[in-house]
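With mmCIF, C-alpha atoms inside, this is model.cif:
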```cif
data_input
#
loop_
_atom_site.label_atom_id
_atom_site.label_comp_id
_atom_site.auth_asym_id
_atom_site.auth_seq_id
_atom_site.Cartn_x
_atom_site.Cartn_y
_atom_site.Cartn_z
CA MET A 1 61.93 24.03 -23.62
CA THR A 2 60.14 27.35 -23.38
CA ALA A 3 60.38 29.92 -20.57
CA ALA A 4 56.90 28.91 -19.45
CA GLN A 5 57.98 25.26 -19.10
CA THR A 6 61.13 26.20 -17.19
CA VAL A 7 59.52 28.59 -14.72
CA VAL A 8 57.24 27.26 -12.06
CA HIS A 9 56.04 30.76 -11.34
CA ILE A 10 56.86 34.43 -11.34
CA ASP A 11 56.87 35.76 -7.83
CA THR A 12 57.66 38.72 -5.62
CA PRO A 13 61.24 38.54 -4.35
CA ARG A 14 61.85 37.80 -0.68
CA VAL A 15 64.84 38.79 1.44
CA GLU A 16 65.96 35.15 1.31
CA ASP A 17 66.35 35.56 -2.49
CA GLY A 18 68.93 38.34 -2.16
CA ALA A 19 72.00 36.08 -2.31
CA ALA A 20 70.74 34.19 -5.37
CA ILE A 21 69.81 37.42 -7.14
CA TRP A 22 73.28 38.80 -6.37
CA ARG A 23 74.87 35.65 -7.87
CA ILE A 24 72.73 35.88 -11.01
CA ALA A 25 73.75 39.55 -11.42
CA ARG A 26 77.42 38.70 -10.81
CA ASP A 27 77.38 35.80 -13.26
CA SER A 28 75.72 37.91 -15.97
CA GLN A 29 79.11 39.56 -16.57
CA VAL A 30 77.35 42.62 -18.03
CA LEU A 31 75.54 44.21 -15.09
CA ASP A 32 77.14 46.63 -12.69
CA LEU A 33 77.36 44.43 -9.63
CA ASN A 34 76.09 46.05 -6.47
CA SER A 35 77.02 44.82 -2.99
CA SER A 36 75.30 41.67 -1.77
CA TYR A 37 73.82 43.82 1.00
CA SER A 38 72.09 46.03 -1.57
CA TYR A 39 70.32 43.00 -3.11
CA LEU A 40 69.02 42.02 0.33
CA LEU A 41 67.71 45.57 0.80
CA TRP A 42 66.24 45.52 -2.70
CA CYS A 43 64.30 42.35 -1.89
CA ARG A 44 63.00 43.98 1.28
CA ASP A 45 62.33 47.59 0.24
CA PHE A 46 61.51 47.28 -3.47
CA ALA A 47 59.89 43.85 -3.64
CA ALA A 48 56.56 45.34 -4.74
CA THR A 49 58.22 46.77 -7.85
CA SER A 50 60.38 43.76 -8.67
CA VAL A 51 59.84 40.17 -9.80
CA VAL A 52 61.72 36.91 -9.65
CA ALA A 53 61.31 33.74 -11.70
CA ARG A 54 61.64 30.48 -9.79
CA ASP A 55 62.52 27.04 -11.09
CA ALA A 56 60.80 23.82 -10.02
CA THR A 57 62.75 23.81 -6.73
CA GLY A 58 61.72 27.39 -5.90
CA GLU A 59 65.18 28.81 -6.55
CA PRO A 60 65.45 32.15 -8.37
CA ILE A 61 66.63 31.78 -11.97
CA ALA A 62 65.97 35.32 -13.17
CA PHE A 63 64.88 38.70 -11.87
CA VAL A 64 63.86 42.23 -12.76
CA THR A 65 64.31 44.94 -10.16
CA GLY A 66 62.58 48.29 -10.36
CA TYR A 67 61.29 51.24 -8.41
CA ILE A 68 58.78 54.04 -8.80
CA ARG A 69 60.56 57.25 -9.66
CA PRO A 70 59.97 59.65 -6.73
CA ASP A 71 59.54 62.78 -8.85
CA ARG A 72 57.50 60.96 -11.53
CA PRO A 73 55.21 58.51 -9.70
CA GLU A 74 53.69 57.37 -13.00
CA THR A 75 57.09 55.99 -14.06
CA LEU A 76 58.59 52.61 -13.24
CA VAL A 77 62.38 52.60 -13.44
CA VAL A 78 63.74 49.17 -14.33
CA TRP A 79 67.05 48.88 -12.50
CA GLN A 80 68.37 45.46 -13.50
CA VAL A 81 67.28 42.47 -15.58
CA ALA A 82 69.21 39.21 -15.40
CA VAL A 83 68.63 35.59 -16.32
CA ASP A 84 70.74 32.69 -15.06
CA ARG A 85 73.01 31.49 -17.86
CA GLU A 86 71.36 28.08 -18.33
CA HIS A 87 67.91 29.67 -18.75
CA ARG A 88 68.82 32.30 -21.35
CA GLY A 89 67.53 32.39 -24.90
CA ARG A 90 63.97 31.37 -24.01
CA GLY A 91 62.30 34.77 -23.71
CA LEU A 92 62.35 34.76 -19.92
CA ALA A 93 63.57 38.37 -19.58
CA GLY A 94 60.68 39.58 -21.76
CA THR A 95 58.20 37.45 -19.82
CA LEU A 96 59.43 38.94 -16.54
CA LEU A 97 59.37 42.49 -17.89
CA GLU A 98 55.77 42.03 -19.03
CA ALA A 99 54.81 40.53 -15.66
CA LEU A 100 56.45 43.34 -13.72
CA THR A 101 54.94 46.17 -15.74
CA GLY A 102 51.51 44.56 -15.56
CA LYS A 103 51.79 44.13 -11.80
CA VAL A 104 53.03 47.69 -11.20
CA ALA A 105 50.56 49.23 -13.66
CA ASP A 106 47.74 47.59 -11.72
CA SER A 107 49.04 48.51 -8.27
CA HIS A 108 50.62 51.92 -8.90
CA GLY A 109 48.98 53.17 -12.11
CA ILE A 110 52.23 53.62 -14.01
CA SER A 111 52.06 54.85 -17.59
CA SER A 112 55.74 54.69 -18.58
CA VAL A 113 58.91 52.71 -18.06
CA GLU A 114 62.46 54.02 -17.92
CA THR A 115 65.74 52.16 -17.91
CA THR A 116 69.31 52.78 -18.91
CA VAL A 117 71.32 50.72 -21.35
CA THR A 118 74.98 51.02 -22.27
CA PRO A 119 75.59 51.27 -26.03
CA ASP A 120 77.32 47.87 -26.14
CA ASN A 121 74.52 45.95 -24.37
CA THR A 122 72.71 44.60 -27.41
CA ALA A 123 70.62 42.11 -25.40
CA SER A 124 69.10 44.89 -23.27
CA ASP A 125 68.59 47.09 -26.32
CA ARG A 126 66.67 44.26 -28.02
CA LEU A 127 64.66 43.52 -24.85
CA PHE A 128 63.46 47.09 -24.35
CA THR A 129 63.02 47.86 -28.06
CA SER A 130 60.83 44.75 -28.43
CA PHE A 131 58.91 45.66 -25.29
CA ALA A 132 58.18 49.10 -26.79
CA GLU A 133 57.25 47.65 -30.19
CA ARG A 134 54.65 45.39 -28.57
CA ARG A 135 53.03 48.64 -27.44
CA GLY A 136 53.16 50.19 -30.89
CA THR A 137 55.92 52.62 -30.00
CA ALA A 138 59.69 52.97 -29.88
CA PRO A 139 61.86 53.90 -26.92
CA ARG A 140 62.85 57.53 -26.72
CA ARG A 141 66.60 57.53 -26.13
CA GLU A 142 68.96 60.13 -24.74
CA VAL A 143 72.23 59.99 -22.85
CA LEU A 144 71.43 60.19 -19.15
CA PHE A 145 74.94 59.82 -17.72
CA ASP A 146 77.94 60.50 -19.93
CA SER A 147 80.89 58.16 -19.41
CA GLY A 148 82.93 61.04 -17.94
CA LEU A 149 80.62 61.17 -14.91
CA PHE A 150 81.67 57.72 -13.70
CA PRO A 151 84.67 57.46 -11.39
CA ASP A 152 85.75 54.14 -12.89
CA GLU A 153 87.53 54.42 -16.22
CA GLY A 154 85.99 52.52 -19.04
CA HIS A 155 82.37 52.79 -17.86
CA LYS A 156 80.30 53.49 -20.93
CA ALA A 157 77.60 56.14 -21.10
CA GLU A 158 74.20 55.15 -19.78
CA VAL A 159 71.49 55.82 -22.36
CA LEU A 160 68.03 56.47 -20.94
CA TYR A 161 65.18 54.60 -22.64
CA ARG A 162 61.69 56.02 -22.04
CA ILE A 163 58.76 53.85 -23.07
CA ASP A 164 55.11 54.85 -22.90
CA LEU A 165 53.06 51.84 -21.97
CA GLY A 166 50.10 52.71 -24.17
CA VAL A 167 48.24 49.69 -25.49
CA ARG A 168 49.85 46.27 -25.59
CA LEU A 169 49.79 44.69 -29.05
#
```
How would this structure read if it were set down as structure tokens?
Amino acid sequence: MTAAQTVVHIDTPRVEDGAAIWRIARDSQVLDLNSSYSYLLWCRDFAATSVVARDATGEPIAFVTGYIRPDRPETLVVWQVAVDREHRGRGLAGTLLEALTGKVADSHGISSVETTVTPDNTASDRLFTSFAERRGTAPRREVLFDSGLFPDEGHKAEVLYRIDLGVRL
């Protein structure tokens, strides 16, 4: 089954989706889990720069959260990408990333995307590298936050990926 067959539609998140989005993030076992309250706020305050995929029952099965960078209003920062375990491996994260950037490019005129990826997160590296390649480019990478900046021991460095949207291939 393909992502398109699994997903009824890609939608704007609603406050009511906050708990499900929190659970998907928690169950990913790779994302930094924010408080459940923060996901409710995200669905309220950043819904225009985020997307959710819904299954046939309307339940969220995946999401991408983002925001417009205040000091660079042409840049969409992708905060988190997560797909429910049973829906992984079907290209859903890439489909959502494409949908979100298209939506935000149309509404906000963005020309670049930024995100951070820890060095051990190969799935996110592949997702954003492929996204860039479809635009005929490669992500520009640099360490944004060194591991020593984090109060919790063991947190890996966060590498900033900058991707110019350019032309989609």
- Item | Residue members of the PyMOL selection byres ((chain A and resi 103) around 12) in the file shown, as an NGL selection string | :A and (10-12 or 47-51 or 66 or 76 or 96-102 or 104-110)
- Query: So which one's closest to A:Ala25, A:Asp84, A:Asp45, A:Glu133, A:Asp55? Using all atoms listed in the file, please.
  - Reply: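 Of A:Asp84, A:Asp45, A:Glu133, A:Asp55, the one nearest A:Ala25 is A:Asp84, counting all atoms listed in the file.
Taking only C-alpha atoms into account, A:Ile68 lies nearest to A:Ser112 out of the set A:Glu142, A:Ser112, A:Phe128, A:Ser38.
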- Message: Between atom CA of A:Arg14 and atom CA of A:Cys43, what is the distance in Å, rounded to a tenth?
- Response: 5.3 Å
- Close residues, A:Thr75 itself excluded, 7 Å, all atoms listed in the file, min 2 positions apart in chain, as a PyMOL selection string: chain A and resi 68-69+72-73+77+110-114
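Here atom CA of A:Arg141 stands at a distance of 23.3 Å from atom CA of A:Gly91.
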- Query: For A:Thr116, which of A:His9, A:His87, A:Arg140, A:Arg134 is the closest residue, counting only C-alpha atoms?
  - Reply: A:Arg140
- For the file shown, report as a list in words the outcome of the PyMOL selection byres ((chain A and resi 22) around 10) at residue level. Asp17, Gly18, Ala19, Ala20, Ile21, Arg23, Ile24, Ala25, Arg26, Asp27, Ser28, Leu33, Asn34, Ser35, Ser36, Tyr37, Ser38, Tyr39, Leu40 and Ala82 of chain A
- Pairwise distance for atom CA of A:Phe145 and atom CA of A:Ser124, rounded to one decimal in Å: 17.0 Å
- Task: Give as a PyMOL selection string the residues that the PyMOL selection byres ((chain A and resi 118) around 7) matches when applied to the coordinates above.
- Result: chain A and resi 116-117+119-121+156-159
Take every atom of stretch 78-89 of chain A listed in the file, fit an axis-aligned box around them, add 5 Å per side, and give the centre and edge lengths in Å to one decimal as JSON.
```
{"center_x": 68.4, "center_y": 38.6, "center_z": -18.7, "size_x": 19.3, "size_y": 31.1, "size_z": 22.4}
```
- Which of these residues is nearest to A:Val81, using all atoms listed in the file: A:Pro139, A:Gly94, A:Pro60, A:Gly148?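 Of A:Pro139, A:Gly94, A:Pro60, A:Gly148, the one nearest A:Val81, counting all atoms listed in the file, is A:Gly94.
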